[in-house]
$ cat my_file_39.txt   # compact mmCIF, C-alpha atoms
# COMPACT_ATOMS: atom_id res chain seq x y z
CA MET Y 1 88.83 93.67 171.56
CA LYS Y 2 87.68 90.58 173.37
CA LEU Y 3 87.30 88.05 170.61
CA ALA Y 4 84.84 85.48 171.99
CA ASP Y 5 81.53 85.50 170.09
CA LYS Y 6 82.67 88.22 167.70
CA GLY Y 7 81.90 87.93 163.99
CA ALA Y 8 84.72 88.01 161.46
CA ILE Y 9 84.97 87.94 157.70
CA VAL Y 10 88.16 86.54 156.19
CA VAL Y 11 88.47 87.43 152.51
CA GLY Y 12 90.81 84.89 150.95
CA GLY Y 13 90.23 82.53 153.87
CA ALA Y 14 90.75 79.39 151.79
CA GLY Y 15 94.44 80.11 151.13
CA SER Y 16 97.34 78.93 153.29
CA ILE Y 17 97.51 82.05 155.51
CA GLY Y 18 93.71 82.34 155.42
CA GLN Y 19 93.22 78.81 156.69
CA ALA Y 20 95.65 79.38 159.57
CA LEU Y 21 93.81 82.59 160.40
CA VAL Y 22 90.41 80.94 160.37
CA ALA Y 23 91.64 78.13 162.65
CA SER Y 24 93.16 80.67 165.08
CA LEU Y 25 89.96 82.73 165.15
CA ARG Y 26 87.83 79.63 165.79
CA GLU Y 27 90.11 78.70 168.71
CA LYS Y 28 89.15 82.08 170.20
CA ASP Y 29 85.42 81.33 169.64
CA VAL Y 30 85.10 83.85 166.84
CA ARG Y 31 82.38 83.07 164.28
CA VAL Y 32 83.97 83.25 160.86
CA ALA Y 33 82.67 83.85 157.36
CA VAL Y 34 85.18 82.90 154.67
CA LEU Y 35 84.86 84.72 151.37
CA ASP Y 36 87.00 83.14 148.72
CA LYS Y 37 87.08 82.72 144.98
CA ASN Y 38 88.17 79.11 145.10
CA PRO Y 39 86.64 77.16 147.98
CA GLU Y 40 85.99 73.54 147.11
CA SER Y 41 82.48 73.61 148.54
CA GLU Y 42 79.13 74.81 147.18
CA PRO Y 43 78.51 78.58 146.64
CA VAL Y 44 77.36 78.96 150.27
CA THR Y 45 77.91 76.34 152.99
CA ALA Y 46 78.25 76.37 156.77
CA ASP Y 47 80.33 73.95 158.79
CA ALA Y 48 81.65 73.94 162.38
CA GLY Y 49 81.04 77.63 163.02
CA ILE Y 50 82.38 78.70 159.65
CA LEU Y 51 80.37 80.04 156.71
CA TYR Y 52 81.93 79.63 153.28
CA VAL Y 53 80.82 82.01 150.52
CA ARG Y 54 82.27 81.63 147.05
CA THR Y 55 82.80 85.09 145.59
CA ASP Y 56 85.03 87.26 143.47
CA ALA Y 57 85.82 89.96 146.04
CA ALA Y 58 87.22 92.21 143.31
CA ASP Y 59 83.75 92.54 141.78
CA ASP Y 60 81.68 95.21 143.52
CA ALA Y 61 78.30 93.51 143.14
CA GLU Y 62 79.63 90.08 144.15
CA ALA Y 63 81.55 91.47 147.12
CA GLY Y 64 78.48 93.41 148.31
CA ALA Y 65 76.22 90.37 148.03
CA ALA Y 66 78.72 88.07 149.77
CA ILE Y 67 79.24 90.49 152.64
CA ALA Y 68 75.47 90.89 153.03
CA THR Y 69 75.15 87.08 153.23
CA ALA Y 70 77.99 86.91 155.77
CA SER Y 71 76.51 89.77 157.80
CA GLN Y 72 73.15 88.04 158.01
CA TRP Y 73 74.78 84.79 159.15
CA LEU Y 74 77.17 86.45 161.62
CA GLY Y 75 74.61 88.91 163.03
CA LYS Y 76 77.18 91.68 162.91
CA ILE Y 77 80.66 92.12 161.52
CA ASP Y 78 83.30 93.07 164.11
CA VAL Y 79 86.38 92.08 162.14
CA LEU Y 80 87.41 92.10 158.50
CA ILE Y 81 90.65 90.45 157.43
CA ASN Y 82 91.70 91.06 153.85
CA CYS Y 83 94.10 88.32 152.83
CA ALA Y 84 92.95 87.61 149.30
CA GLY Y 85 95.82 88.05 146.92
CA LEU Y 86 97.95 86.82 144.14
CA ILE Y 87 101.75 86.79 144.19
CA HIS Y 88 103.10 87.53 140.74
CA SER Y 89 106.66 88.01 139.53
CA GLU Y 90 107.37 89.68 136.20
CA PRO Y 91 110.02 92.26 135.26
CA LEU Y 92 108.99 95.57 133.74
CA ILE Y 93 111.19 94.86 130.73
CA SER Y 94 112.84 91.50 130.14
CA MET Y 95 116.19 91.57 128.37
CA VAL Y 96 116.45 87.77 128.25
CA THR Y 97 113.09 86.62 126.87
CA PRO Y 98 112.51 88.43 123.55
CA SER Y 99 109.07 86.86 123.07
CA ARG Y 100 107.76 88.44 126.30
CA ARG Y 101 109.79 91.59 126.53
CA ARG Y 102 107.28 93.93 128.19
CA HIS Y 103 105.30 93.48 131.40
CA SER Y 104 101.89 92.16 130.43
CA VAL Y 105 99.09 94.70 130.93
CA ALA Y 106 96.68 91.83 131.56
CA SER Y 107 98.79 90.46 134.41
CA TRP Y 108 99.15 94.00 135.84
CA GLU Y 109 95.35 94.34 135.92
CA THR Y 110 94.84 90.86 137.40
CA VAL Y 111 97.34 91.47 140.20
CA ILE Y 112 95.98 94.93 141.04
CA ARG Y 113 92.45 93.56 141.00
CA SER Y 114 93.22 90.59 143.27
CA ASN Y 115 95.39 92.43 145.80
CA LEU Y 116 94.18 96.03 145.78
CA THR Y 117 90.64 96.22 144.38
CA ALA Y 118 89.42 93.26 146.46
CA THR Y 119 90.77 94.90 149.64
CA PHE Y 120 89.19 98.22 148.70
CA LEU Y 121 85.76 96.73 147.96
CA ALA Y 122 85.52 94.44 150.99
CA SER Y 123 86.63 97.28 153.27
CA LEU Y 124 84.17 99.67 151.65
CA HIS Y 125 81.19 97.38 152.30
CA VAL Y 126 82.30 96.37 155.80
CA ALA Y 127 83.21 99.93 156.90
CA GLU Y 128 79.74 101.03 155.81
CA HIS Y 129 78.22 98.20 157.91
CA MET Y 130 80.38 99.08 160.93
CA ALA Y 131 79.61 102.82 160.67
CA ALA Y 132 75.86 102.31 160.19
CA ASN Y 133 75.70 100.00 163.22
CA ARG Y 134 78.29 101.92 165.29
CA ILE Y 135 80.48 98.83 165.60
CA LYS Y 136 83.96 99.62 166.88
CA GLY Y 137 85.53 97.01 164.67
CA VAL Y 138 88.88 96.21 163.18
CA ILE Y 139 90.04 95.88 159.57
CA VAL Y 140 93.32 94.03 159.03
CA ASN Y 141 94.91 94.19 155.59
CA LEU Y 142 97.60 91.75 154.52
CA SER Y 143 100.41 93.61 152.79
CA SER Y 144 103.90 92.30 152.02
CA VAL Y 145 107.53 93.30 152.42
CA SER Y 146 107.34 93.73 148.62
CA ALA Y 147 105.46 97.00 149.24
CA ALA Y 148 108.90 98.56 149.67
CA GLY Y 149 109.62 97.79 146.01
CA ASN Y 150 110.78 94.29 145.17
CA PRO Y 151 112.63 94.04 141.83
CA GLY Y 152 110.70 91.75 139.50
CA GLN Y 153 107.35 92.40 141.17
CA THR Y 154 106.09 95.69 139.72
CA ALA Y 155 102.37 94.93 140.01
CA TYR Y 156 102.53 93.04 143.30
CA SER Y 157 104.72 95.71 144.94
CA ALA Y 158 102.45 98.50 143.66
CA ALA Y 159 99.33 96.71 144.88
CA LYS Y 160 100.75 96.09 148.35
CA ALA Y 161 102.07 99.66 148.64
CA GLY Y 162 98.51 100.71 147.78
CA VAL Y 163 97.16 98.45 150.53
CA GLU Y 164 99.47 100.13 153.06
CA ALA Y 165 98.42 103.60 151.84
CA MET Y 166 94.73 102.71 152.11
CA THR Y 167 95.37 101.41 155.62
CA ALA Y 168 96.84 104.76 156.67
CA VAL Y 169 93.97 106.69 155.06
CA TRP Y 170 91.21 104.56 156.56
CA ALA Y 171 92.75 104.62 160.03
CA ARG Y 172 92.42 108.40 159.96
CA GLU Y 173 88.98 108.47 158.36
CA LEU Y 174 87.42 105.72 160.49
CA GLY Y 175 89.33 106.27 163.74
CA PRO Y 176 86.81 108.83 165.06
CA LEU Y 177 84.15 106.09 164.75
CA GLY Y 178 86.30 103.78 166.87
CA ILE Y 179 87.21 101.59 163.90
CA ARG Y 180 90.86 100.48 163.75
CA VAL Y 181 92.70 99.66 160.53
CA VAL Y 182 96.06 97.89 160.51
CA ALA Y 183 98.28 96.32 157.86
CA ILE Y 184 100.54 93.32 158.36
CA ALA Y 185 103.45 92.86 155.98
CA PRO Y 186 104.78 89.32 155.95
CA GLY Y 187 108.15 88.47 154.52
CA PHE Y 188 108.49 85.23 152.58
CA VAL Y 189 106.10 82.70 154.08
CA ASP Y 190 106.02 78.97 153.50
CA THR Y 191 102.77 78.74 151.53
CA HIS Y 192 101.57 77.11 148.32
CA SER Y 193 101.35 80.51 146.60
CA THR Y 194 104.94 81.40 147.57
CA HIS Y 195 106.21 78.12 146.14
CA ALA Y 196 104.07 78.61 143.03
CA ALA Y 197 105.37 82.14 142.42
CA LEU Y 198 109.06 81.59 143.14
CA SER Y 199 111.53 78.92 142.11
CA GLU Y 200 113.20 76.85 144.82
CA GLU Y 201 116.45 78.55 143.86
CA ALA Y 202 114.91 82.00 144.40
CA LEU Y 203 113.46 80.92 147.73
CA LYS Y 204 116.86 79.61 148.82
CA GLU Y 205 118.31 83.05 148.05
CA TRP Y 206 115.54 84.81 149.99
CA LYS Y 207 116.18 82.55 152.98
CA ARG Y 208 119.88 83.43 152.74
CA ARG Y 209 118.99 87.15 152.74
CA THR Y 210 116.61 86.78 155.70
CA PRO Y 211 118.53 87.32 158.96
CA LEU Y 212 116.59 84.53 160.67
CA GLY Y 213 117.51 82.23 157.78
CA ARG Y 214 114.14 80.66 157.06
CA LEU Y 215 110.67 81.24 155.66
CA GLY Y 216 107.92 82.37 157.99
CA THR Y 217 104.92 80.19 158.76
CA ALA Y 218 101.25 80.91 158.19
CA GLN Y 219 100.73 80.42 161.93
CA GLU Y 220 103.19 83.24 162.69
CA ILE Y 221 101.11 85.57 160.50
CA ALA Y 222 97.88 84.38 162.12
CA SER Y 223 99.21 85.00 165.64
CA THR Y 224 100.17 88.55 164.63
CA VAL Y 225 96.64 89.17 163.38
CA LEU Y 226 95.24 87.98 166.73
CA PHE Y 227 97.64 90.30 168.56
CA VAL Y 228 96.42 93.23 166.45
CA LEU Y 229 92.77 92.35 167.05
CA GLU Y 230 93.22 92.09 170.81
CA ASN Y 231 95.25 95.30 171.27
CA ASP Y 232 92.83 98.24 171.13
CA PHE Y 233 95.48 100.94 170.68
CA ILE Y 234 97.04 99.75 167.42
CA SER Y 235 95.85 101.53 164.28
CA GLY Y 236 97.16 103.09 161.09
CA CYS Y 237 100.45 101.21 161.01
CA THR Y 238 102.03 98.36 159.10
CA ILE Y 239 103.50 95.59 161.24
CA ARG Y 240 106.31 93.68 159.56
CA VAL Y 241 106.59 89.95 160.20
CA ASP Y 242 109.58 89.18 158.04
CA GLY Y 243 112.40 87.53 159.98
CA GLY Y 244 114.37 90.78 159.70
CA LEU Y 245 114.40 90.83 155.89
CA VAL Y 246 114.91 94.22 154.26
CA ILE Y 247 113.96 94.38 150.57
CA MET J 1 78.56 123.81 158.85
CA GLN J 2 78.45 122.23 155.40
CA GLU J 3 78.46 125.70 153.88
CA SER J 4 81.91 126.25 155.30
CA GLY J 5 84.65 125.48 152.79
CA ALA J 6 86.78 123.99 155.55
CA TRP J 7 84.12 121.44 156.51
CA ASP J 8 84.54 117.90 155.28
CA SER J 9 83.69 114.35 156.31
CA LEU J 10 86.88 113.92 158.33
CA THR J 11 86.34 117.18 160.24
CA HIS J 12 82.72 116.17 160.84
CA MET J 13 83.77 112.82 162.31
CA GLN J 14 86.37 114.49 164.51
CA LEU J 15 83.61 116.75 165.88
CA ILE J 16 81.35 113.74 166.45
CA ALA J 17 84.13 111.91 168.32
CA ALA J 18 84.70 115.00 170.48
CA ILE J 19 80.99 115.32 171.27
CA GLU J 20 80.71 111.62 172.16
CA GLY J 21 83.79 111.83 174.35
CA ASP J 22 82.89 115.09 176.13
CA PHE J 23 79.28 114.13 176.85
CA ASP J 24 79.89 110.38 177.31
CA ILE J 25 77.21 109.43 174.81
CA GLU J 26 77.04 107.33 171.66
CA LEU J 27 75.34 108.73 168.60
CA SER J 28 73.64 106.55 166.02
CA ALA J 29 74.63 106.68 162.37
CA ASP J 30 71.35 108.49 161.59
CA GLU J 31 72.01 111.10 164.28
CA ILE J 32 75.54 111.68 162.97
CA VAL J 33 74.25 112.26 159.46
CA GLN J 34 71.58 114.67 160.75
CA MET J 35 74.12 116.83 162.62
CA THR J 36 74.62 119.34 159.81
CA SER J 37 74.20 122.54 161.86
CA VAL J 38 74.80 123.79 165.38
CA ALA J 39 71.02 123.98 165.89
CA GLN J 40 70.56 120.35 164.85
CA ILE J 41 73.44 119.22 167.06
CA LYS J 42 71.83 120.98 170.04
CA SER J 43 68.45 119.47 169.20
CA ILE J 44 69.83 115.93 169.05
CA LEU J 45 71.83 116.41 172.25
CA ARG J 46 68.74 117.67 174.08
CA LYS J 47 66.87 114.51 172.98
CA LYS J 48 69.67 112.54 174.63
CA ALA J 49 69.14 114.50 177.88
CA VAL J 50 72.36 116.50 177.45
CA GLU J 51 72.10 120.03 178.86
CA VAL J 52 73.01 122.58 176.20
CA GLN J 53 72.52 126.33 176.06
$ encode --input "my_file_39.txt" --output "structure tokens"
Amino acid sequence: MKLADKGAIVVGGAGSIGQALVASLREKDVRVAVLDKNPESEPVTADAGILYVRTDAADDAEAGAAIATASQWLGKIDVLINCAGLIHSEPLISMVTPSRRRHSVASWETVIRSNLTATFLASLHVAEHMAANRIKGVIVNLSSVSAAGNPGQTAYSAAKAGVEAMTAVWARELGPLGIRVVAIAPGFVDTHSTHAALSEEALKEWKRRTPLGRLGTAQEIASTVLFVLENDFISGCTIRVDGGLVI
Amino acid sequence: MQESGAWDSLTHMQLIAAIEGDFDIELSADEIVQMTSVAQIKSILRKKAVEVQ
């Protein structure tokens, strides 16, 4: 896909990886609509070729309304990037904290909602738009190396494994329409949410276990997304950007 | 086609992709939805100046 003048929606575009993605897309002259739960601006604002829409993408009605607003502003949606998410670490059963022995059901539902339901709903609305308008677009879903099953991250691992499964399903279902669907699975990336979810000690250990010996950068994830968008024969796969880390 | 137990959305889209590829045409979403029988497929293709028997 030639990116100039295309229209893209970035769900979760106000986060660390999202911001790097939006900047990279703008450098390629892509018009971008950012859908995010926590932008600092008003409910809907536009600035420097970027539309910001405050929305809870895990709510069907809100996601539908936000994507309709973005569609109207963009003209058409060629690209959807799902990078909304919430990293959460919690063991299934804790043998060291008696007061919180079992994995919280509330945190399970929050993590599944943020990482899996939001991706499902945004993709549902955008795929419908692409199919109805015969747009040969691209959907990129942000997964994680945790999809392989990271101890201490039941909900997050399950949600990201679900994202990778949906990617494979949608690539087959939407491929005949010319729509590509790809997942990108970052390893540990130097972002605010990574530092919020993991202690410095844990991060030091992950760096030690990563063959390249460091955290990834948001820019390295953004450049992989651009590669996926520009290569018209990639679909249905998960691309790992993890410094060689195996969970 | 829809009366066939083996017919589903995925099979339908594979047929559409094959028709578009073979005849070098692009069908609209409305046309795709209307293609529920061989007769309707032929009718829509004729409207797009495709020669069919």
$ residues_around --input "my_file_39.txt" --residues "region 131-144 of chain Y" --least-positions-apart "2" --cutoff "6 Å" --atoms "all atoms listed in the file" --output "mmCIF file with C-alpha atoms, in the frame of the given file"
data_model
loop_
_atom_site.group_PDB
_atom_site.id
_atom_site.type_symbol
_atom_site.label_atom_id
_atom_site.label_comp_id
_atom_site.auth_asym_id
_atom_site.auth_seq_id
_atom_site.Cartn_x
_atom_site.Cartn_y
_atom_site.Cartn_z
ATOM 1 C CA ASP Y 78 83.300 93.070 164.110
ATOM 2 C CA VAL Y 79 86.380 92.080 162.140
ATOM 3 C CA LEU Y 80 87.410 92.100 158.500
ATOM 4 C CA ILE Y 81 90.650 90.450 157.430
ATOM 5 C CA ASN Y 82 91.700 91.060 153.850
ATOM 6 C CA CYS Y 83 94.100 88.320 152.830
ATOM 7 C CA ALA Y 127 83.210 99.930 156.900
ATOM 8 C CA GLU Y 128 79.740 101.030 155.810
ATOM 9 C CA HIS Y 129 78.220 98.200 157.910
ATOM 10 C CA SER Y 146 107.340 93.730 148.620
ATOM 11 C CA ALA Y 147 105.460 97.000 149.240
ATOM 12 C CA LYS Y 160 100.750 96.090 148.350
ATOM 13 C CA GLY Y 178 86.300 103.780 166.870
ATOM 14 C CA ILE Y 179 87.210 101.590 163.900
ATOM 15 C CA ARG Y 180 90.860 100.480 163.750
ATOM 16 C CA VAL Y 181 92.700 99.660 160.530
ATOM 17 C CA VAL Y 182 96.060 97.890 160.510
ATOM 18 C CA ALA Y 183 98.280 96.320 157.860
ATOM 19 C CA ILE Y 184 100.540 93.320 158.360
ATOM 20 C CA ALA Y 185 103.450 92.860 155.980
ATOM 21 C CA PRO Y 186 104.780 89.320 155.950
ATOM 22 C CA ALA J 29 74.630 106.680 162.370
#
$ closest_atom_pairs --input "my_file_39.txt" --of "chain J" --to "chain Y" --cutoff "6 Å" --atoms "all atoms listed in the file" --output "JSON lines"
{"residue": "J:Leu10", "atom": "CA", "partner": "Y:Glu173", "partner_atom": "CA", "distance": 5.8}
{"residue": "J:Met13", "atom": "CA", "partner": "Y:Pro176", "partner_atom": "CA", "distance": 5.7}
{"residue": "J:Gln14", "atom": "CA", "partner": "Y:Pro176", "partner_atom": "CA", "distance": 5.7}
{"residue": "J:Ala17", "atom": "CA", "partner": "Y:Pro176", "partner_atom": "CA", "distance": 5.2}
{"residue": "J:Ala29", "atom": "CA", "partner": "Y:Ala132", "partner_atom": "CA", "distance": 5.0}
$ write_last_selection --input "my_file_39.txt" --atoms "C-alpha atoms" --output "CSV table (one decimal), in the frame of the given file"
chain,number,residue,atom,x,y,z
J,10,LEU,CA,86.9,113.9,158.3
J,13,MET,CA,83.8,112.8,162.3
J,14,GLN,CA,86.4,114.5,164.5
J,17,ALA,CA,84.1,111.9,168.3
J,29,ALA,CA,74.6,106.7,162.4
$ atom_distance --input "my_file_39.txt" --atom1 "CA of Leu3 (chain Y)" --atom2 "CA of Val30 (chain Y)"
6.1 Å
$ residues_around --input "my_file_39.txt" --residues "Gly12 (chain Y)" --least-positions-apart "5" --cutoff "6 Å" --atoms "only C-alpha atoms" --output "ChimeraX atom specification"
/Y:18,35-36,83-84
$ atom_distance --input "my_file_39.txt" --atom1 "CA of Ala218 (chain Y)" --atom2 "CA of Ala197 (chain Y)"
16.3 Å
$ closest_residue --input "my_file_39.txt" --among "Y:Leu226, Y:Ala70, Y:Ala14, Y:Ala158" --to "Leu51 (chain Y)" --atoms "all atoms listed in the file"
Y:Ala70
$ closest_residue --input "my_file_39.txt" --among "Y:Val189, Y:Leu86, Y:Ala23, Y:Val241" --to "Tyr156 (chain Y)" --atoms "only C-alpha atoms"
Y:Leu86
$ residues_around --input "my_file_39.txt" --residues "Ile93 (chain Y)" --least-positions-apart "2" --cutoff "12 Å" --atoms "all atoms listed in the file" --output "PyMOL selection string"
chain Y and resi 90-91+95-104+151-154
$ closest_residue --input "my_file_39.txt" --among "J:Arg46, J:Gln53, J:Glu26, J:Thr36" --to "Asp8 (chain J)" --atoms "only C-alpha atoms"
J:Thr36
$ atom_distance --input "my_file_39.txt" --atom1 "CA of His192 (chain Y)" --atom2 "CA of Ile67 (chain Y)"
26.4 Å
$ closest_residue --input "my_file_39.txt" --among "Y:Leu92, Y:Ala4, Y:Ile77, Y:Ala161" --to "Ser107 (chain Y)" --atoms "only C-alpha atoms"
Y:Leu92
$ residues_near_point --input "my_file_39.txt" --point "(90.2, 79.3, 146.0)" --cutoff "9 Å" --atoms "only C-alpha atoms" --output "PyMOL selection string"
chain Y and resi 12-15+36-40+54
$ residues_near_point --input "my_file_39.txt" --point "(68.4, 111.6, 170.4)" --cutoff "12 Å" --atoms "all atoms listed in the file" --output "PDB file with C-alpha atoms, keeping the file's coordinate frame"
ATOM      1  CA  ILE J  25      77.210 109.430 174.810  1.00  0.00           C
ATOM      2  CA  GLU J  26      77.040 107.330 171.660  1.00  0.00           C
ATOM      3  CA  LEU J  27      75.340 108.730 168.600  1.00  0.00           C
ATOM      4  CA  SER J  28      73.640 106.550 166.020  1.00  0.00           C
ATOM      5  CA  ALA J  29      74.630 106.680 162.370  1.00  0.00           C
ATOM      6  CA  ASP J  30      71.350 108.490 161.590  1.00  0.00           C
ATOM      7  CA  GLU J  31      72.010 111.100 164.280  1.00  0.00           C
ATOM      8  CA  ILE J  32      75.540 111.680 162.970  1.00  0.00           C
ATOM      9  CA  GLN J  34      71.580 114.670 160.750  1.00  0.00           C
ATOM     10  CA  MET J  35      74.120 116.830 162.620  1.00  0.00           C
ATOM     11  CA  GLN J  40      70.560 120.350 164.850  1.00  0.00           C
ATOM     12  CA  ILE J  41      73.440 119.220 167.060  1.00  0.00           C
ATOM     13  CA  LYS J  42      71.830 120.980 170.040  1.00  0.00           C
ATOM     14  CA  SER J  43      68.450 119.470 169.200  1.00  0.00           C
ATOM     15  CA  ILE J  44      69.830 115.930 169.050  1.00  0.00           C
ATOM     16  CA  LEU J  45      71.830 116.410 172.250  1.00  0.00           C
ATOM     17  CA  ARG J  46      68.740 117.670 174.080  1.00  0.00           C
ATOM     18  CA  LYS J  47      66.870 114.510 172.980  1.00  0.00           C
ATOM     19  CA  LYS J  48      69.670 112.540 174.630  1.00  0.00           C
ATOM     20  CA  ALA J  49      69.140 114.500 177.880  1.00  0.00           C
ATOM     21  CA  VAL J  50      72.360 116.500 177.450  1.00  0.00           C
TER      22      VAL J  50
END
$ axis_aligned_box --input "my_file_39.txt" --around "region 37-52 of chain Y" --padding-each-side "6 Å" --output "lines of an AutoDock Vina configuration file"
center_x = 82.8
center_y = 78.1
center_z = 154.0
size_x = 22.8
size_y = 21.2
size_z = 30.0
$ build_atoms --input "my_file_39.txt" --residues "region 229-246 of chain Y" --atoms "N, CA, C and O atoms" --output "mmCIF file, in the frame of the given file"
data_model
loop_
_atom_site.group_PDB
_atom_site.id
_atom_site.type_symbol
_atom_site.label_atom_id
_atom_site.label_comp_id
_atom_site.auth_asym_id
_atom_site.auth_seq_id
_atom_site.Cartn_x
_atom_site.Cartn_y
_atom_site.Cartn_z
ATOM 1 N N LEU Y 229 94.199 92.290 166.711
ATOM 2 C CA LEU Y 229 92.770 92.350 167.050
ATOM 3 C C LEU Y 229 92.572 92.615 168.544
ATOM 4 O O LEU Y 229 91.670 93.361 168.939
ATOM 5 N N GLU Y 230 93.425 92.019 169.370
ATOM 6 C CA GLU Y 230 93.220 92.090 170.810
ATOM 7 C C GLU Y 230 93.794 93.363 171.440
ATOM 8 O O GLU Y 230 93.448 93.696 172.568
ATOM 9 N N ASN Y 231 94.667 94.069 170.726
ATOM 10 C CA ASN Y 231 95.250 95.300 171.270
ATOM 11 C C ASN Y 231 94.499 96.508 170.718
ATOM 12 O O ASN Y 231 94.607 96.838 169.536
ATOM 13 N N ASP Y 232 93.750 97.179 171.584
ATOM 14 C CA ASP Y 232 92.830 98.240 171.130
ATOM 15 C C ASP Y 232 93.502 99.572 170.808
ATOM 16 O O ASP Y 232 92.822 100.534 170.471
ATOM 17 N N PHE Y 233 94.832 99.642 170.938
ATOM 18 C CA PHE Y 233 95.480 100.940 170.680
ATOM 19 C C PHE Y 233 96.377 100.894 169.446
ATOM 20 O O PHE Y 233 97.156 101.806 169.203
ATOM 21 N N ILE Y 234 96.250 99.836 168.659
ATOM 22 C CA ILE Y 234 97.040 99.750 167.420
ATOM 23 C C ILE Y 234 96.150 100.156 166.252
ATOM 24 O O ILE Y 234 95.071 99.589 166.050
ATOM 25 N N SER Y 235 96.571 101.146 165.491
ATOM 26 C CA SER Y 235 95.850 101.530 164.280
ATOM 27 C C SER Y 235 96.753 102.348 163.366
ATOM 28 O O SER Y 235 97.646 103.056 163.835
ATOM 29 N N GLY Y 236 96.498 102.229 162.074
ATOM 30 C CA GLY Y 236 97.160 103.090 161.090
ATOM 31 C C GLY Y 236 98.578 102.712 160.732
ATOM 32 O O GLY Y 236 99.246 103.417 159.976
ATOM 33 N N CYS Y 237 99.045 101.583 161.251
ATOM 34 C CA CYS Y 237 100.450 101.210 161.010
ATOM 35 C C CYS Y 237 100.540 99.918 160.202
ATOM 36 O O CYS Y 237 99.550 99.227 160.007
ATOM 37 N N THR Y 238 101.741 99.644 159.745
ATOM 38 C CA THR Y 238 102.030 98.360 159.100
ATOM 39 C C THR Y 238 103.016 97.608 159.985
ATOM 40 O O THR Y 238 104.087 98.127 160.307
ATOM 41 N N ILE Y 239 102.626 96.417 160.396
ATOM 42 C CA ILE Y 239 103.500 95.590 161.240
ATOM 43 C C ILE Y 239 104.214 94.576 160.347
ATOM 44 O O ILE Y 239 103.574 93.817 159.620
ATOM 45 N N ARG Y 240 105.512 94.599 160.393
ATOM 46 C CA ARG Y 240 106.310 93.680 159.560
ATOM 47 C C ARG Y 240 106.569 92.382 160.313
ATOM 48 O O ARG Y 240 106.943 92.401 161.486
ATOM 49 N N VAL Y 241 106.329 91.278 159.619
ATOM 50 C CA VAL Y 241 106.590 89.950 160.200
ATOM 51 C C VAL Y 241 107.450 89.224 159.164
ATOM 52 O O VAL Y 241 106.958 88.494 158.318
ATOM 53 N N ASP Y 242 108.748 89.508 159.200
ATOM 54 C CA ASP Y 242 109.580 89.180 158.040
ATOM 55 C C ASP Y 242 110.932 88.548 158.371
ATOM 56 O O ASP Y 242 111.798 88.445 157.490
ATOM 57 N N GLY Y 243 111.129 88.152 159.621
ATOM 58 C CA GLY Y 243 112.400 87.530 159.980
ATOM 59 C C GLY Y 243 113.597 88.469 159.864
ATOM 60 O O GLY Y 243 114.743 88.029 159.811
ATOM 61 N N GLY Y 244 113.294 89.791 159.788
ATOM 62 C CA GLY Y 244 114.370 90.780 159.700
ATOM 63 C C GLY Y 244 114.775 91.137 158.276
ATOM 64 O O GLY Y 244 115.705 91.928 158.067
ATOM 65 N N LEU Y 245 114.054 90.583 157.299
ATOM 66 C CA LEU Y 245 114.400 90.830 155.890
ATOM 67 C C LEU Y 245 114.135 92.275 155.492
ATOM 68 O O LEU Y 245 113.093 92.840 155.806
ATOM 69 N N VAL Y 246 115.103 92.887 154.832
ATOM 70 C CA VAL Y 246 114.910 94.220 154.260
ATOM 71 C C VAL Y 246 115.028 94.082 152.746
ATOM 72 O O VAL Y 246 116.047 93.604 152.227
#
